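For reference, the structure is listed below as structure tokens.
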Amino acid sequence: MATDTLNPRSWLYPTPRGLYCEPGDFYVDPAVAVARAVITHGHGDHARPGHRAALATPETLAIMRARFEDMPNTAQQPLAYGETVRLGEVDVRLAPAGHILGSAQAVLAFKGQRIVVSGDFKRRPDPTCPPFEPVPCDVFITEATFALPVFHHPSDAGEIGKLLRSVATFPERTHLVGVYALGKCQRVIKLLRAAGYDKRIWLHGALVPLCKLYQDHGIDLGDIAPVSDAILETFKGAIVLCPPSAMADRWSRRFADPVAALCSGWMGVRARARQRGAELPLVISDHADWPELTQTLKDVGAPRVWVTHGREEALVHYARSIGIDAEALHLAGREEEGA
Amino acid sequence: MQAFAQLLDSLSFEAARNAKLRLIETYLRAAPDPDRGWALAALTGGLDFPAAKPALLRGFGQDKIGAELFALSYDYVGDLAETLALIWETDPAAGPPPSLGEVIETLQRATKTQTPAILKRWLDALDSTGRWALLKLLTGALRVGVSARLAKQAAANIGNQPVDAVEEIWHGLSPPYRPLFDWLLADAPRPRTNAGGAFLPPMLANPIDRAELDTLDPAHFRAEWKWDGIRVQVAASGDVKRLYSRAGEDISGSFPDIVEAIDFEGVFDGELLVRREEAVAPFNDLQQRLNRKSVTAKMLKEHPAHVRLYDVLQLDGEDLRGLPFDQRRARLEAWMALASRARFDLSPLVTFQDWAHLAELREAMKSDGIEGLMLKRADSLYLAGRPKGPWFKWKRDPMLADCVLMYAQRGHGKRSSFYSDFTFGCWRDANSETGEGKRELAPVGKAYFGFTDEELRWLDKWVRDHTTNRFGPVREVTQELVLEVAFDGIARSSRHKSGVALRFPRISRIRTDKPAAEADTVDTLLRLLP
């Protein structure tokens, strides 16, 4: 597959609008509205409204329709995992990324050279989406959200155990769990169910539409209900999920002496957890941690690695130390919140 | 070790006192001996391991992932013990993690050259929280927001005992406190009070005002000045010489000048002050001496400490707490007359005819080192805690200033969604660059109490409706709300932009009736300086 004569930066390169594939005339996860976009997944810093045409998995397109009002104006091209389509002179395939429902790596092939844009990914099992598929390639573009050796995400079951232990210790308090609305929310619900928690889980209104969307895609979330439906409910001992921003807001005043739990990969570092006001930090992340990132570089076997959004420096340093030609790729518009 | 690590982990994120107590109680009940005893020792600050130096830990980290990645990691995390705990990987082949008792007993026996290998084996066996707790324990700074007093309270709670019952015997016990737990959780007898330097729970006073005084007979009461220092207990027996805070914390380490000057046996109640050339220095000066691990010679010279005694609890092995105040006072005065001591003197009684006379004396006393008056019944026995009736504190009326609200910040715990921390300012002339004749607000203080729940809701709404700027959790507001701020004292401060620092500022009234332009100036505050 390798062709040494072709410089990969000649056909895929960063621009102010995003990562541009010249022979295919499309952008991958552009930061602004463009004529043609390939979207890896539905999070707001990757999927943006207003493109004239968008190619993504059917699940990601459904998420975009749920989030953006003017999607009818976007020509939507669904592409299931594993299928290949040709855009211009480039073959495009989507491979599972294991990040959230519908998340994909964009596998781009041009003149015998293969570049994988992995978007956001993780390697551990997630009951809401198929697992990451390592695709051998010439250039691997990796995220670096948690690219420091301090990030070893603990087991999901252990973190959920912490939450359930806290519920048992403080049965008169409401456990308010801050989760990102897309992906984290539904995964945490599934993890609670897997741990045997079958009581009703209450939701902030902002989480309801995407939970509904997950249910429509066959993901069973058990007994869930919006907080606004509650009649005569004191929420004592209850688990209530909400966006992190709602935890310190007036909305949260209705609950009995709430325990503020926050689910995020950042919770592994105490100072970060305290800054975010977490009383019960839960390290549950949809991004690869350091061992997963470094293992992935070995699994895909790419001689070249481009590192984007996050702590690029450490991962570039590591990749070079094992003989990979690595460099940082600075992309506009990436956020680290909600990771 | 894992259970103790989970306890520290939970405590470090929990702000509420009652929840902290619950966490510690749950642990102490469930953990076996001697682990729970060692845990109690760690929480009360009773352990010390000189072998685990930061350089050792840094070396471990660099060996593990290389100097460059370690530097990037440490830079990001900002705490050495935590960085090492996070980068280290658990080795499933390392065997079971050590118990807390095993950790402490092993380290107490290990030589300095043995320590690194032992430590590495434990780091392999523990999970990341366990490693963090181990390293925090070894480096001697738990920083989980638990005072010694709170930990003792939790211990007392598991045996349904008052904390003072634990406090009285505490300094006669040593870790891992087996007899203490046998008493609290089994039927063993209460360990004996060790008279040598034990902390005796102090007697506290209730506040009173002028109107309430008229219901009391002045002939039954003795009056003393209420000094503006910190309440301490001086306890000495044999070689044991200690200075305790009101909460029973041993603060001897910060005040070697006092401890060295103890040439007597007994337990005394008094006020710790900084005193220069007979005059009591402002509270700020005393603050320079508090919470310091090492005390420099310069500090001892510039901020000399002094204890002004006002009660005696034990003298030459005799417990005087069962005597009435007048008799204790007579014993104290007689004892003081035996020798003159540079670091100790007697707090004089204030003689008065009736309440009106005392009120006049209180008004006339303008000294900065005095907060008001203490009133003690002549027949009062020395009773631990805050009994109603025998002792009163009659504080000076607070000073007041009208200030303008400038910034608000969200509170913690119960108030976490409310803007409840308020920064306020007073007017001063703007500097010449920003405009001739213009005035600007200079922050003079911060208050987070003094208001009712209803006023808090009102203030919270006001802040939300008048926000002009946000800096993270802080909101800047339009400069138009006047707050009447009460405070107990004022001192010059180079740390504050306005040049003054207020003591115990609190919001006394919301002055919606007053235009911001008529609020006080910094100059007015400066005139209140003693």
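Here's how to read the names in the structure tokens: chain A, B, ... by the order shown, residue numbers from 1 in each chain, ligand numbers from 1 in the order shown.
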Check which residues of chain A sit at most 10 Å from chain B using only C-alpha atoms, and return one row each with the closest pair of atoms and their distance in Å to one decimal, ordered by chain and rising number, as a Markdown table.
| residue | atom | partner | partner_atom | distance |
| --- | --- | --- | --- | --- |
| A:Ala147 | CA | B:Ser73 | CA | 9.7 |
| A:Leu148 | CA | B:Ser73 | CA | 6.2 |
| A:Pro149 | CA | B:Ile87 | CA | 5.3 |
| A:Val150 | CA | B:Ile87 | CA | 4.5 |
| A:Phe151 | CA | B:Leu86 | CA | 6.7 |
| A:His152 | CA | B:Leu86 | CA | 7.0 |
| A:His153 | CA | B:Leu86 | CA | 9.6 |
| A:Pro154 | CA | B:Ser128 | CA | 8.6 |
| A:Lys162 | CA | B:Gln6 | CA | 9.4 |
| A:Ser166 | CA | B:Ser10 | CA | 9.3 |
| A:Thr169 | CA | B:Leu23 | CA | 8.1 |
| A:Phe170 | CA | B:Ala19 | CA | 8.4 |
| A:Ala246 | CA | B:Ser417 | CA | 9.6 |
| A:Met247 | CA | B:Ser417 | CA | 8.0 |
| A:Ala248 | CA | B:Ser417 | CA | 4.8 |
| A:Asp249 | CA | B:Ser417 | CA | 5.3 |
| A:Arg250 | CA | B:Ser417 | CA | 5.9 |
| A:Trp251 | CA | B:Ser417 | CA | 8.7 |
| A:Ser252 | CA | B:Ser417 | CA | 7.5 |
| A:Arg253 | CA | B:Ser417 | CA | 7.1 |
| A:Ala256 | CA | B:Lys414 | CA | 9.7 |
| A:Asp257 | CA | B:Lys414 | CA | 6.7 |
| A:Pro258 | CA | B:Lys414 | CA | 8.6 |
| A:Val259 | CA | B:Glu14 | CA | 9.0 |
| A:Ala260 | CA | B:Glu14 | CA | 9.6 |
| A:Gly268 | CA | B:Leu86 | CA | 8.3 |
| A:Val269 | CA | B:Val77 | CA | 6.6 |
| A:Arg270 | CA | B:Val77 | CA | 8.1 |
| A:Ala271 | CA | B:Val77 | CA | 7.4 |
| A:Arg272 | CA | B:Val77 | CA | 8.6 |
| A:Ala273 | CA | B:Phe13 | CA | 8.4 |
| A:Arg274 | CA | B:Phe13 | CA | 7.1 |
| A:Gln275 | CA | B:Pro473 | CA | 9.8 |
| A:Gly277 | CA | B:Phe13 | CA | 8.5 |
| A:Ala278 | CA | B:Phe13 | CA | 6.9 |
| A:Glu279 | CA | B:Phe13 | CA | 4.6 |
| A:Leu280 | CA | B:Phe13 | CA | 6.6 |
| A:Pro281 | CA | B:Phe13 | CA | 8.0 |
| A:Trp290 | CA | B:Ile87 | CA | 9.5 |
| A:Arg311 | CA | B:Leu72 | CA | 9.4 |
| A:Glu313 | CA | B:Leu72 | CA | 8.5 |
| A:Ala314 | CA | B:Leu69 | CA | 6.3 |
| A:Leu315 | CA | B:Leu69 | CA | 9.2 |
| A:His317 | CA | B:Leu69 | CA | 7.9 |
| A:Tyr318 | CA | B:Leu69 | CA | 8.2 |
For the selection you just gave me, I'd like the residues written to a file as a JSON list (two decimals), in the first residue's frame, keeping C-alpha atoms.
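Okay, selection10.json is ready:
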[["chain", "number", "residue", "atom", "x", "y", "z"],
["A", 147, "ALA", "CA", -2.07, 11.94, 25.74],
["A", 148, "LEU", "CA", -0.02, 12.03, 28.94],
["A", 149, "PRO", "CA", 1.24, 9.04, 30.91],
["A", 150, "VAL", "CA", -0.81, 10.24, 33.88],
["A", 151, "PHE", "CA", -4.02, 9.23, 32.13],
["A", 152, "HIS", "CA", -4.86, 5.62, 32.89],
["A", 153, "HIS", "CA", -8.65, 5.51, 32.90],
["A", 154, "PRO", "CA", -9.76, 2.99, 35.52],
["A", 162, "LYS", "CA", -18.11, 4.32, 43.42],
["A", 166, "SER", "CA", -22.05, 6.78, 47.49],
["A", 169, "THR", "CA", -23.74, 5.88, 52.06],
["A", 170, "PHE", "CA", -25.93, 8.96, 51.52],
["A", 246, "ALA", "CA", -26.75, 22.54, 35.05],
["A", 247, "MET", "CA", -25.08, 21.26, 38.23],
["A", 248, "ALA", "CA", -24.22, 24.63, 39.69],
["A", 249, "ASP", "CA", -27.24, 26.36, 38.26],
["A", 250, "ARG", "CA", -30.60, 27.26, 39.72],
["A", 251, "TRP", "CA", -32.10, 24.15, 38.18],
["A", 252, "SER", "CA", -30.26, 22.00, 40.74],
["A", 253, "ARG", "CA", -31.85, 23.75, 43.74],
["A", 256, "ALA", "CA", -32.22, 17.38, 48.44],
["A", 257, "ASP", "CA", -28.64, 18.31, 49.42],
["A", 258, "PRO", "CA", -27.26, 16.91, 46.15],
["A", 259, "VAL", "CA", -23.97, 15.05, 45.76],
["A", 260, "ALA", "CA", -22.26, 16.51, 42.69],
["A", 268, "GLY", "CA", -8.57, 11.55, 37.03],
["A", 269, "VAL", "CA", -6.62, 14.66, 38.00],
["A", 270, "ARG", "CA", -7.67, 16.04, 41.37],
["A", 271, "ALA", "CA", -7.02, 19.69, 40.66],
["A", 272, "ARG", "CA", -9.21, 19.48, 37.54],
["A", 273, "ALA", "CA", -11.98, 17.70, 39.42],
["A", 274, "ARG", "CA", -11.92, 20.35, 42.16],
["A", 275, "GLN", "CA", -11.96, 23.20, 39.66],
["A", 277, "GLY", "CA", -16.69, 21.48, 41.63],
["A", 278, "ALA", "CA", -17.01, 17.69, 41.63],
["A", 279, "GLU", "CA", -17.66, 16.08, 44.98],
["A", 280, "LEU", "CA", -17.70, 12.63, 43.45],
["A", 281, "PRO", "CA", -15.47, 12.60, 40.37],
["A", 290, "TRP", "CA", -2.40, 6.87, 27.37],
["A", 311, "ARG", "CA", -1.46, 17.20, 24.51],
["A", 313, "GLU", "CA", 3.81, 17.15, 22.59],
["A", 314, "ALA", "CA", 3.91, 14.03, 24.76],
["A", 315, "LEU", "CA", 2.44, 11.71, 22.14],
["A", 317, "HIS", "CA", 7.68, 12.51, 21.81],
["A", 318, "TYR", "CA", 6.57, 8.95, 22.50]]
Using only C-alpha atoms, determine which residues lie at most 8 Å from stretch 185-199 of chain A, disregarding the query and same-chain residues fewer than 5 positions distant; provide the list as a compact mmCIF listing (two decimals) with C-alpha atoms, in the first residue's frame.
# COMPACT_ATOMS: atom_id res chain seq x y z
CA ASP A 126 -18.86 0.52 25.05
CA PRO A 127 -22.35 -1.00 25.08
CA THR A 128 -23.66 1.80 22.84
CA ASP A 156 -15.86 1.62 34.08
CA ALA A 157 -17.38 -0.91 36.45
CA ILE A 160 -19.93 3.03 38.58
CA GLY A 161 -19.30 1.07 41.80
CA VAL A 179 -22.72 13.93 31.82
CA TYR A 180 -22.22 15.16 28.28
CA LEU A 207 -30.72 14.94 27.82
CA CYS A 211 -31.71 9.31 24.89
CA TYR A 214 -30.46 6.01 21.24
CA ASP A 220 -32.31 -0.31 25.82
CA LEU A 221 -31.87 2.31 28.57
CA GLY A 222 -34.42 0.84 31.02
CA ASP A 223 -36.68 3.07 33.12
CA LEU A 241 -28.34 12.89 35.14
query: Expressed in Å to a single decimal, how great is the separation between atom CA of A:Ile141 and atom CA of A:Ser118?
result: 6.0 Å
Å distance separating atom CA of B:Gly140 from atom CA of B:Gly59, one decimal place: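 Separating atom CA of B:Gly140 from atom CA of B:Gly59 is a distance of 18.7 Å.
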task: Give the alpha helix (DSSP H) residues of stretch 167-264 of chain B, as assigned by DSSP on the backbone, as JSON, numbers by chain.
output: {"B": [167, 168, 169, 170, 178, 179, 180, 181, 182, 183, 184, 185, 210, 211, 212, 213, 256, 257, 258, 259, 260]}
Using only C-alpha atoms, please write the residues we just selected to a file, as an mmCIF file, in the first residue's frame.
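The new file result_39.cif reads:
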data_model
loop_
_atom_site.group_PDB
_atom_site.id
_atom_site.type_symbol
_atom_site.label_atom_id
_atom_site.label_comp_id
_atom_site.auth_asym_id
_atom_site.auth_seq_id
_atom_site.Cartn_x
_atom_site.Cartn_y
_atom_site.Cartn_z
ATOM 1 C CA GLU B 167 -10.225 14.912 74.021
ATOM 2 C CA GLU B 168 -9.526 14.517 77.747
ATOM 3 C CA ILE B 169 -7.716 11.227 77.349
ATOM 4 C CA TRP B 170 -6.251 11.898 73.897
ATOM 5 C CA ARG B 178 -6.213 0.072 70.633
ATOM 6 C CA PRO B 179 -7.523 0.931 74.145
ATOM 7 C CA LEU B 180 -9.499 3.858 72.684
ATOM 8 C CA PHE B 181 -11.327 1.661 70.165
ATOM 9 C CA ASP B 182 -11.832 -1.085 72.752
ATOM 10 C CA TRP B 183 -13.585 1.490 74.874
ATOM 11 C CA LEU B 184 -15.576 3.085 72.061
ATOM 12 C CA LEU B 185 -16.672 -0.094 70.284
ATOM 13 C CA ARG B 210 -27.104 45.299 76.946
ATOM 14 C CA ALA B 211 -30.841 44.555 77.217
ATOM 15 C CA GLU B 212 -30.274 41.001 78.397
ATOM 16 C CA LEU B 213 -27.796 42.158 81.010
ATOM 17 C CA PRO B 256 8.787 27.834 70.983
ATOM 18 C CA ASP B 257 9.178 31.164 72.814
ATOM 19 C CA ILE B 258 6.167 30.347 74.991
ATOM 20 C CA VAL B 259 7.047 26.681 75.472
ATOM 21 C CA GLU B 260 10.599 27.519 76.541
#
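Residues lying within 10 Å of B:Pro96, counting only C-alpha atoms and ignoring same-chain neighbours fewer than 6 positions away, are B:Trp122, B:Asp124, B:Ala125, B:Leu126.
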query: Quick one: residues within 7 Å of B:Lys376, only C-alpha atoms counted, chain neighbours fewer than 4 positions away excluded, as a list in words?
result: Phe221, Arg222, Ala223, Pro390, Trp391 and Phe392 of chain B
Could you write out the selected residues, including N, CA and C atoms, as a PDB file, in the first residue's frame?
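After the write, result-v4.pdb holds the following:
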ATOM      1  N   PHE B 221     -21.559  38.710  89.207  1.00  0.00           N
ATOM      2  CA  PHE B 221     -20.633  38.537  88.087  1.00  0.00           C
ATOM      3  C   PHE B 221     -19.289  39.230  88.293  1.00  0.00           C
ATOM      4  N   ARG B 222     -18.252  38.658  87.671  1.00  0.00           N
ATOM      5  CA  ARG B 222     -16.931  39.282  87.583  1.00  0.00           C
ATOM      6  C   ARG B 222     -16.709  39.628  86.100  1.00  0.00           C
ATOM      7  N   ALA B 223     -15.980  40.713  85.873  1.00  0.00           N
ATOM      8  CA  ALA B 223     -15.738  41.127  84.484  1.00  0.00           C
ATOM      9  C   ALA B 223     -14.241  41.130  84.177  1.00  0.00           C
ATOM     10  N   PRO B 390     -23.476  30.612  82.970  1.00  0.00           N
ATOM     11  CA  PRO B 390     -22.360  31.078  83.815  1.00  0.00           C
ATOM     12  C   PRO B 390     -21.432  32.105  83.162  1.00  0.00           C
ATOM     13  N   TRP B 391     -21.137  31.962  81.874  1.00  0.00           N
ATOM     14  CA  TRP B 391     -20.180  32.873  81.227  1.00  0.00           C
ATOM     15  C   TRP B 391     -20.806  33.574  80.023  1.00  0.00           C
ATOM     16  N   PHE B 392     -20.495  34.853  79.906  1.00  0.00           N
ATOM     17  CA  PHE B 392     -20.992  35.613  78.751  1.00  0.00           C
ATOM     18  C   PHE B 392     -19.873  36.419  78.119  1.00  0.00           C
TER      19      PHE B 392
END
message: I want to know what sits within 7 Å of A:Val307, based on only C-alpha atoms, with residues of the same chain fewer than 5 positions away left out; could you give that as a count of residues only?
response: 9
query: Taking only C-alpha atoms into account, which of B:Ala339, B:Val485, B:Ile118, B:Ala401 comes nearest B:Arg527?
result: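 Counting only C-alpha atoms, the residue closest to B:Arg527 is B:Ala401.
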Please report, as a JSON list (two decimals) with C-alpha atoms, in the first residue's frame, each residue of stretch 108-204 of chain A to which DSSP assigns strand (DSSP E) when run on this structure's backbone.
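File written: out27.json
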[["chain", "number", "residue", "atom", "x", "y", "z"],
["A", 108, "LEU", "CA", -9.14, 7.67, 2.82],
["A", 109, "ALA", "CA", -7.32, 5.95, -0.06],
["A", 110, "PHE", "CA", -5.67, 7.81, -2.93],
["A", 113, "GLN", "CA", -1.78, 5.52, -0.18],
["A", 114, "ARG", "CA", -4.06, 5.18, 2.87],
["A", 115, "ILE", "CA", -4.68, 7.83, 5.53],
["A", 116, "VAL", "CA", -6.90, 7.16, 8.53],
["A", 117, "VAL", "CA", -8.53, 10.17, 10.23],
["A", 139, "VAL", "CA", -0.61, 7.87, 7.90],
["A", 140, "PHE", "CA", -2.62, 7.68, 11.10],
["A", 141, "ILE", "CA", -4.18, 10.88, 12.39],
["A", 142, "THR", "CA", -4.81, 10.52, 16.09],
["A", 143, "GLU", "CA", -6.45, 12.66, 18.74],
["A", 144, "ALA", "CA", -4.41, 13.45, 21.85],
["A", 175, "HIS", "CA", -26.93, 12.09, 43.32],
["A", 176, "LEU", "CA", -26.62, 14.60, 40.56],
["A", 177, "VAL", "CA", -24.43, 13.15, 37.81],
["A", 178, "GLY", "CA", -22.98, 15.56, 35.25],
["A", 201, "ILE", "CA", -32.98, 7.16, 36.31],
["A", 202, "TRP", "CA", -34.05, 10.81, 36.14],
["A", 203, "LEU", "CA", -32.95, 13.10, 33.33]]
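Nearest residue to B:Ala430 among B:Leu456, B:Val240, B:Ser498, B:Phe487 is B:Ser498, counting only C-alpha atoms.
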